[in-house]
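One structure below.
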Amino acid sequence: MAIKAEYIWIDGTKPTAKLRSKTRVLPNADKIPTWGFDGSSTNQAEGHASDRVLEPVKVVKDPIRGGENILVLCEVFETDGTPHVSNTRALLREVAEKFAEQEAIFGIEQEYTFFKGSRPLGFPEGGFPAPQGGYYCGIGAEEVFGREIVELHLDRCMEAGLAICGINAEVMPGQWEFQIGPVDALTVSDDLWIGRYLLYRTAEEFGIDATLDAKPVRGDWNGAGAHTNFSTKAMREGYDAIITACEALGESQEKVLEHVTQYGADIESRLTGKHETAPWNVYSYGVSDRGASVRIPWQVEVEKKGYIEDRRPNANVDPYVVTRLLVNTCCSALEKAGQI
């Protein structure tokens with residue numbers, strides 16, 4: 001029996017790439033063929049030479065269509081077989097392979113905000129809700145908005161076999177989070193992109209927009225991040241490697257800017273030093289400190305091993321980029337220090 005295969009890819013829109021998808025009917029799921037698309041309509045080509053190639057890299061069950069239907073995550077290539085400039089996954093593949101022996105794993109906390117028209121879900125027309133305080137992990141109709149969408153999204157991520165490990169309501173009304181991990185860099189990034197696709201499609205069914213804007217509401221409201229938890233084998237075995245990784249991320253102002261300038265669009269509006277953030281251009285790390293750039297969880301200090309949380313990435317960050325930067329910076333430093 002024929003199946004529907006939804007080919008999904010990341011386009012070339014700047015400063016924040018968008019997801020695109022289209023459907024192909026296949027005889028079965030035994031062989032998923034390479035496909036193509038019009039790159040001139042996705043900011044990935046000019047009209048006079050617009051063909052671009054979709055190369056399948058991950059196939060999961062389609063929990064929306066059900067049955068034997070599938071979702072097909074793809075990398076974008078030029079017709080000569082080279083990765084397209086927008087293909088950040090290809091760059092991550094190289095770095096992940098280079099430092100494979102360090103066994104880096106990640107967990108990413110994807111925050112997002114629901115909008116109904118021009119206002120966040122839960123914001124009254126022509127005004128503002130009560131100040132932040134009761135919404136985080138809240139319960140009840142006065143505190144929580146959009147739970148039916150969130151629960152359905154969670155079910156679909158699980159049915160698709162993604163490495164989703166939790167959800168919670170966030171600090172601002174209509175703001176939520178789902179977590180992917182702990183898994184390797186390519187898996188966490190692939191699953192986060194597929195999780196985003198399922199989020200957008202699920203919210204679409206309710207007439208709601210899910211946005212990854214870094215600061216969806218200006219003023220005294222939390223922004224939206226993608227806190228990234230990271231460790232290597234050495235970090236999971238000893239505290240010295242934890243400190244080495246933290247120091248490496250703030251080794252110089254050049255290193256700090258190398259990361260934050262690629263951690264998502266409009267990062268200056270979110271990383272202000274307020275609302276559980278550090279200033280975007282000032283690096284710091286500390287134990288149990290959500291006002292630091294990088295947090296060392298309290299239990300990591302107690303157990304003298306574990307992981308670190310880079311709190312700087314925006315909700316709209318490209319996970320292929322943030323994982324590549326963390327692996328390259330921290331694993332290089334650990335290798336140099338002989339802590340692998």
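Going by the structure tokens order, chains are called A, B, ..., each with residues numbered from 1, while ligands are numbered from 1 in the order shown.
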Which of stretch 146-333 of chain A fall in strand (DSSP E), as a ChimeraX atom specification: /A:164-169,175-183,209-211,226-231,285-287,294-296,308-310
Contact residues around A:Asp310 with only C-alpha atoms at 12 Å, ignoring same-chain residues under 3 positions, as a PyMOL selection string: chain A and resi 106-109+225-231+245-246+249-250+256+259-260+263+277-278+283-286+289-297+307+313-314+322-323+325-326+330
Keeping C-alpha atoms, export the residues of the selection given above as a PDB file, in the first residue's frame.
```pdb
ATOM      1  CA  PHE A 106      23.278  17.154  24.890  1.00  0.00           C
ATOM      2  CA  GLY A 107      19.907  18.073  26.273  1.00  0.00           C
ATOM      3  CA  ILE A 108      18.159  21.135  24.817  1.00  0.00           C
ATOM      4  CA  GLU A 109      15.282  22.946  26.539  1.00  0.00           C
ATOM      5  CA  GLY A 225      15.618  30.510  25.231  1.00  0.00           C
ATOM      6  CA  ALA A 226      16.979  27.111  24.303  1.00  0.00           C
ATOM      7  CA  HIS A 227      19.126  26.321  27.333  1.00  0.00           C
ATOM      8  CA  THR A 228      21.657  23.745  26.209  1.00  0.00           C
ATOM      9  CA  ASN A 229      22.958  21.103  28.602  1.00  0.00           C
ATOM     10  CA  PHE A 230      26.290  19.611  27.586  1.00  0.00           C
ATOM     11  CA  SER A 231      28.794  17.046  28.796  1.00  0.00           C
ATOM     12  CA  ALA A 245      34.833  23.510  29.751  1.00  0.00           C
ATOM     13  CA  CYS A 246      33.452  26.536  31.607  1.00  0.00           C
ATOM     14  CA  LEU A 249      33.745  29.159  26.837  1.00  0.00           C
ATOM     15  CA  GLY A 250      34.938  32.440  28.359  1.00  0.00           C
ATOM     16  CA  VAL A 256      32.395  34.791  23.915  1.00  0.00           C
ATOM     17  CA  HIS A 259      29.192  31.888  20.488  1.00  0.00           C
ATOM     18  CA  VAL A 260      26.610  34.553  21.288  1.00  0.00           C
ATOM     19  CA  TYR A 263      23.137  31.783  19.337  1.00  0.00           C
ATOM     20  CA  THR A 277      19.946  36.004  32.074  1.00  0.00           C
ATOM     21  CA  ALA A 278      23.481  37.353  31.986  1.00  0.00           C
ATOM     22  CA  TYR A 283      30.646  35.927  30.240  1.00  0.00           C
ATOM     23  CA  SER A 284      30.257  34.294  33.644  1.00  0.00           C
ATOM     24  CA  TYR A 285      29.700  30.867  35.133  1.00  0.00           C
ATOM     25  CA  GLY A 286      28.581  29.731  38.549  1.00  0.00           C
ATOM     26  CA  ASP A 289      23.274  30.559  39.125  1.00  0.00           C
ATOM     27  CA  ARG A 290      20.553  31.236  36.563  1.00  0.00           C
ATOM     28  CA  GLY A 291      21.910  34.747  36.174  1.00  0.00           C
ATOM     29  CA  ALA A 292      25.185  33.394  34.802  1.00  0.00           C
ATOM     30  CA  SER A 293      26.020  32.670  31.172  1.00  0.00           C
ATOM     31  CA  VAL A 294      26.773  29.069  32.089  1.00  0.00           C
ATOM     32  CA  ARG A 295      25.256  27.310  35.093  1.00  0.00           C
ATOM     33  CA  ILE A 296      26.839  24.399  36.922  1.00  0.00           C
ATOM     34  CA  PRO A 297      23.898  22.529  38.522  1.00  0.00           C
ATOM     35  CA  TYR A 307      27.262  18.510  32.933  1.00  0.00           C
ATOM     36  CA  PRO A 313      21.140  30.245  23.261  1.00  0.00           C
ATOM     37  CA  ASN A 314      17.890  31.806  22.062  1.00  0.00           C
ATOM     38  CA  VAL A 322      24.963  25.601  19.012  1.00  0.00           C
ATOM     39  CA  THR A 323      25.970  21.957  19.399  1.00  0.00           C
ATOM     40  CA  LEU A 325      30.159  25.422  18.740  1.00  0.00           C
ATOM     41  CA  LEU A 326      30.013  23.721  22.145  1.00  0.00           C
ATOM     42  CA  CYS A 330      34.940  22.514  24.898  1.00  0.00           C
TER      43      CYS A 330
END
```
Residue set, stretch 131-201 of chain A restricted to alpha helix (DSSP H), as a PyMOL selection string: chain A and resi 147-160+185-201
Non-local contacts of A:Thr261 (10 Å; only C-alpha atoms; under 4 positions in same chain excluded) as a list in words: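 The filter keeps Val256, Leu257, Ala265, Asp266, Ile267, Glu268, Trp280, Asn281 and Pro313 of chain A.
Taking only C-alpha atoms into account, A:Phe77 lies nearest to A:Ile10 out of the set A:Leu92, A:Ala141, A:Ile10, A:Ala214.
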Minimum-distance residue to A:Arg270, chosen among A:Leu26, A:Ala224, A:Val327, A:Leu152 (using only C-alpha atoms): A:Ala224
Stretch 197-209 of chain A environment, 9 Å, only C-alpha atoms, sequence neighbours closer than 3 positions dropped, as a ChimeraX atom specification: /A:8,19-20,63-64,113-117,121,149-150,152-154,156-157,192-194
Write out the residues from the selection above, keeping N, CA, C and O atoms, as a PDB file, in the first residue's frame.
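The result, written out as again21.pdb:
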```
ATOM      1  N   ILE A   8      10.989  17.146   5.005  1.00  0.00           N
ATOM      2  CA  ILE A   8      11.164  18.356   5.813  1.00  0.00           C
ATOM      3  C   ILE A   8      12.595  18.851   5.665  1.00  0.00           C
ATOM      4  O   ILE A   8      13.536  18.060   5.706  1.00  0.00           O
ATOM      5  N   LEU A  19      11.377  26.243   8.675  1.00  0.00           N
ATOM      6  CA  LEU A  19      11.141  24.881   8.211  1.00  0.00           C
ATOM      7  C   LEU A  19      10.252  24.904   6.974  1.00  0.00           C
ATOM      8  O   LEU A  19       9.330  25.725   6.873  1.00  0.00           O
ATOM      9  N   ARG A  20      10.548  24.022   6.047  1.00  0.00           N
ATOM     10  CA  ARG A  20       9.711  23.831   4.868  1.00  0.00           C
ATOM     11  C   ARG A  20       9.391  22.338   4.754  1.00  0.00           C
ATOM     12  O   ARG A  20      10.142  21.495   5.257  1.00  0.00           O
ATOM     13  N   PRO A  63       3.141  11.044  13.164  1.00  0.00           N
ATOM     14  CA  PRO A  63       2.061  10.870  14.132  1.00  0.00           C
ATOM     15  C   PRO A  63       0.821  11.696  13.802  1.00  0.00           C
ATOM     16  O   PRO A  63      -0.216  11.525  14.449  1.00  0.00           O
ATOM     17  N   ILE A  64       0.916  12.558  12.808  1.00  0.00           N
ATOM     18  CA  ILE A  64      -0.237  13.362  12.421  1.00  0.00           C
ATOM     19  C   ILE A  64      -1.105  12.597  11.429  1.00  0.00           C
ATOM     20  O   ILE A  64      -2.316  12.448  11.618  1.00  0.00           O
ATOM     21  N   THR A 113       6.491  30.370  22.480  1.00  0.00           N
ATOM     22  CA  THR A 113       5.354  31.161  22.942  1.00  0.00           C
ATOM     23  C   THR A 113       4.194  31.030  21.969  1.00  0.00           C
ATOM     24  O   THR A 113       4.375  31.177  20.756  1.00  0.00           O
ATOM     25  N   PHE A 114       3.011  30.752  22.483  1.00  0.00           N
ATOM     26  CA  PHE A 114       1.814  30.687  21.656  1.00  0.00           C
ATOM     27  C   PHE A 114       1.252  32.092  21.449  1.00  0.00           C
ATOM     28  O   PHE A 114       1.159  32.884  22.393  1.00  0.00           O
ATOM     29  N   PHE A 115       0.863  32.382  20.202  1.00  0.00           N
ATOM     30  CA  PHE A 115       0.187  33.635  19.889  1.00  0.00           C
ATOM     31  C   PHE A 115      -1.166  33.339  19.256  1.00  0.00           C
ATOM     32  O   PHE A 115      -1.300  32.423  18.441  1.00  0.00           O
ATOM     33  N   LYS A 116      -2.151  34.121  19.655  1.00  0.00           N
ATOM     34  CA  LYS A 116      -3.463  34.116  19.020  1.00  0.00           C
ATOM     35  C   LYS A 116      -3.614  35.479  18.360  1.00  0.00           C
ATOM     36  O   LYS A 116      -3.813  36.493  19.039  1.00  0.00           O
ATOM     37  N   GLY A 117      -3.448  35.528  17.056  1.00  0.00           N
ATOM     38  CA  GLY A 117      -3.425  36.822  16.386  1.00  0.00           C
ATOM     39  C   GLY A 117      -2.168  37.582  16.754  1.00  0.00           C
ATOM     40  O   GLY A 117      -1.052  37.073  16.665  1.00  0.00           O
ATOM     41  N   LEU A 121      -1.053  34.033  23.795  1.00  0.00           N
ATOM     42  CA  LEU A 121      -2.190  33.317  24.353  1.00  0.00           C
ATOM     43  C   LEU A 121      -2.233  33.563  25.863  1.00  0.00           C
ATOM     44  O   LEU A 121      -1.243  33.396  26.558  1.00  0.00           O
ATOM     45  N   ILE A 149      -2.831  21.879  23.430  1.00  0.00           N
ATOM     46  CA  ILE A 149      -1.896  21.824  22.301  1.00  0.00           C
ATOM     47  C   ILE A 149      -0.595  21.159  22.750  1.00  0.00           C
ATOM     48  O   ILE A 149      -0.037  20.308  22.042  1.00  0.00           O
ATOM     49  N   VAL A 150      -0.130  21.543  23.925  1.00  0.00           N
ATOM     50  CA  VAL A 150       1.133  21.029  24.457  1.00  0.00           C
ATOM     51  C   VAL A 150       1.061  19.520  24.683  1.00  0.00           C
ATOM     52  O   VAL A 150       1.994  18.781  24.346  1.00  0.00           O
ATOM     53  N   LEU A 152      -0.945  17.338  23.229  1.00  0.00           N
ATOM     54  CA  LEU A 152      -1.025  16.646  21.947  1.00  0.00           C
ATOM     55  C   LEU A 152       0.347  16.627  21.266  1.00  0.00           C
ATOM     56  O   LEU A 152       0.751  15.618  20.679  1.00  0.00           O
ATOM     57  N   HIS A 153       1.069  17.742  21.369  1.00  0.00           N
ATOM     58  CA  HIS A 153       2.420  17.796  20.808  1.00  0.00           C
ATOM     59  C   HIS A 153       3.336  16.772  21.472  1.00  0.00           C
ATOM     60  O   HIS A 153       4.098  16.066  20.793  1.00  0.00           O
ATOM     61  N   LEU A 154       3.255  16.658  22.785  1.00  0.00           N
ATOM     62  CA  LEU A 154       4.063  15.672  23.504  1.00  0.00           C
ATOM     63  C   LEU A 154       3.744  14.257  23.023  1.00  0.00           C
ATOM     64  O   LEU A 154       4.646  13.457  22.745  1.00  0.00           O
ATOM     65  N   ARG A 156       2.577  13.312  20.208  1.00  0.00           N
ATOM     66  CA  ARG A 156       3.042  13.112  18.838  1.00  0.00           C
ATOM     67  C   ARG A 156       4.560  12.946  18.778  1.00  0.00           C
ATOM     68  O   ARG A 156       5.066  12.136  17.992  1.00  0.00           O
ATOM     69  N   CYS A 157       5.287  13.707  19.584  1.00  0.00           N
ATOM     70  CA  CYS A 157       6.743  13.545  19.632  1.00  0.00           C
ATOM     71  C   CYS A 157       7.118  12.151  20.119  1.00  0.00           C
ATOM     72  O   CYS A 157       8.047  11.518  19.593  1.00  0.00           O
ATOM     73  N   LEU A 192      15.172  17.957  17.627  1.00  0.00           N
ATOM     74  CA  LEU A 192      14.631  19.278  17.955  1.00  0.00           C
ATOM     75  C   LEU A 192      13.956  19.893  16.730  1.00  0.00           C
ATOM     76  O   LEU A 192      12.865  20.460  16.832  1.00  0.00           O
ATOM     77  N   TRP A 193      14.570  19.756  15.554  1.00  0.00           N
ATOM     78  CA  TRP A 193      13.948  20.294  14.343  1.00  0.00           C
ATOM     79  C   TRP A 193      12.635  19.567  14.033  1.00  0.00           C
ATOM     80  O   TRP A 193      11.633  20.200  13.680  1.00  0.00           O
ATOM     81  N   ILE A 194      12.616  18.252  14.188  1.00  0.00           N
ATOM     82  CA  ILE A 194      11.374  17.517  13.955  1.00  0.00           C
ATOM     83  C   ILE A 194      10.335  17.890  15.016  1.00  0.00           C
ATOM     84  O   ILE A 194       9.142  18.030  14.722  1.00  0.00           O
TER      85      ILE A 194
END
```
All residues 10 Å or closer to A:Thr187, only C-alpha atoms, same chain fewer than 4 positions away omitted, as JSON, numbers by chain: {"A": [58, 105, 106, 162, 163, 180, 181, 182, 183, 191, 192, 193, 320]}
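With distances restricted to only C-alpha atoms, A:Asp220 is the closest residue to A:Lys274 from A:Asp220, A:Glu143, A:Glu151, A:Glu237.
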Exercise: A:Glu111 partners within 10 Å, only C-alpha atoms, chain neighbours under 4 positions left out, as a list in words: Ile167, Asn168, Ala169, Glu170, Gln175, Trp176, Glu177, Phe178, Gln179, Thr211, Leu212, Asp213, Ala214, Gly223, Ala224, Gly225, Ala226, His227, Asn314, Ala315 and Asn316 of chain A
Written selection (N, CA, C and O atoms) as a CSV table (one decimal), in the first residue's frame:
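For reference, result-v2.csv as written:
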```csv
chain,number,residue,atom,x,y,z
A,167,ILE,N,8.1,18.3,29.4
A,167,ILE,CA,7.4,19.5,29.1
A,167,ILE,C,7.1,20.3,30.3
A,167,ILE,O,7.0,19.7,31.4
A,168,ASN,N,7.0,21.6,30.2
A,168,ASN,CA,6.5,22.4,31.4
A,168,ASN,C,6.1,23.8,30.9
A,168,ASN,O,6.5,24.3,29.9
A,169,ALA,N,5.1,24.4,31.6
A,169,ALA,CA,4.7,25.7,31.4
A,169,ALA,C,5.9,26.7,31.9
A,169,ALA,O,6.5,26.4,32.9
A,170,GLU,N,6.1,27.8,31.1
A,170,GLU,CA,7.2,28.7,31.4
A,170,GLU,C,6.7,29.9,32.2
A,170,GLU,O,5.5,30.0,32.6
A,175,GLN,N,3.6,30.7,27.4
A,175,GLN,CA,5.0,30.3,27.1
A,175,GLN,C,5.2,28.9,27.7
A,175,GLN,O,4.8,28.6,28.8
A,176,TRP,N,5.8,28.0,26.8
A,176,TRP,CA,6.0,26.6,27.2
A,176,TRP,C,7.4,26.2,26.8
A,176,TRP,O,8.1,26.9,26.2
A,177,GLU,N,7.7,24.9,27.2
A,177,GLU,CA,9.0,24.4,26.9
A,177,GLU,C,8.9,22.9,26.7
A,177,GLU,O,8.1,22.2,27.4
A,178,PHE,N,9.6,22.3,25.8
A,178,PHE,CA,9.8,20.9,25.7
A,178,PHE,C,11.3,20.6,25.7
A,178,PHE,O,12.1,21.4,25.2
A,179,GLN,N,11.7,19.4,26.2
A,179,GLN,CA,13.1,19.1,26.3
A,179,GLN,C,13.4,17.9,25.5
A,179,GLN,O,12.7,16.9,25.5
A,211,THR,N,5.7,30.6,18.2
A,211,THR,CA,6.8,31.4,17.8
A,211,THR,C,8.0,31.1,18.7
A,211,THR,O,7.9,30.9,19.9
A,212,LEU,N,9.2,31.2,18.1
A,212,LEU,CA,10.5,31.0,18.8
A,212,LEU,C,11.2,32.4,19.0
A,212,LEU,O,12.3,32.4,19.3
A,213,ASP,N,10.4,33.5,18.8
A,213,ASP,CA,11.0,34.8,19.1
A,213,ASP,C,11.7,34.9,20.4
A,213,ASP,O,11.2,34.4,21.4
A,214,ALA,N,12.9,35.5,20.4
A,214,ALA,CA,13.7,35.6,21.6
A,214,ALA,C,13.0,36.5,22.7
A,214,ALA,O,13.2,36.2,23.9
A,223,GLY,N,12.1,36.4,28.2
A,223,GLY,CA,12.3,36.0,26.9
A,223,GLY,C,12.2,34.5,26.7
A,223,GLY,O,11.8,33.8,27.7
A,224,ALA,N,12.5,34.0,25.5
A,224,ALA,CA,12.4,32.6,25.3
A,224,ALA,C,13.8,32.1,24.8
A,224,ALA,O,14.4,32.6,23.9
A,225,GLY,N,14.3,31.0,25.5
A,225,GLY,CA,15.6,30.5,25.2
A,225,GLY,C,15.6,29.1,24.8
A,225,GLY,O,14.5,28.4,24.7
A,226,ALA,N,16.8,28.5,24.6
A,226,ALA,CA,17.0,27.1,24.3
A,226,ALA,C,18.2,26.7,25.1
A,226,ALA,O,19.3,26.4,24.6
A,227,HIS,N,18.0,26.7,26.4
A,227,HIS,CA,19.1,26.3,27.3
A,227,HIS,C,19.7,25.0,26.9
A,227,HIS,O,18.9,24.0,26.7
A,314,ASN,N,19.3,31.4,22.2
A,314,ASN,CA,17.9,31.8,22.1
A,314,ASN,C,17.0,30.6,21.7
A,314,ASN,O,17.5,29.6,21.2
A,315,ALA,N,15.7,30.8,21.9
A,315,ALA,CA,14.7,29.8,21.4
A,315,ALA,C,14.9,29.6,19.9
A,315,ALA,O,14.6,28.5,19.4
A,316,ASN,N,15.3,30.7,19.2
A,316,ASN,CA,15.3,30.6,17.7
A,316,ASN,C,16.7,30.1,17.2
A,316,ASN,O,17.0,30.2,16.0
```
Option closest in space to A:Gly161, from A:Glu258, A:Asp62, A:Asp38, A:Asp51 [counting only C-alpha atoms]: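 Closest to A:Gly161, using only C-alpha atoms: A:Asp62.
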Shell of 12 Å around A:Ala5, only C-alpha atoms, local chain residues under 5 positions omitted, as a PyMOL selection string: chain A and resi 21-35+56+58-74
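Interatomic distance, atom CA of A:Ala104 against atom CA of A:Val188: 11.1 Å.
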Option closest in space to A:Val321, from A:Met158, A:Ala210, A:Leu186, A:Val76 [counting only C-alpha atoms]: A:Leu186
Point-to-point distance in Å for atom CA of A:Thr16 and atom CA of A:Gly47: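 Answer for the atom CA of A:Gly47 to atom CA of A:Thr16 separation: 21.9 Å.
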Closest of A:Pro124, A:Ile340, A:Pro173, A:Gln44 to A:Phe145 - atom-to-atom distances counting only C-alpha atoms: A:Pro173
Atomic distance atom CA of A:Ser189 - atom CA of A:Asp11, expressed in Å with one decimal: 15.4 Å
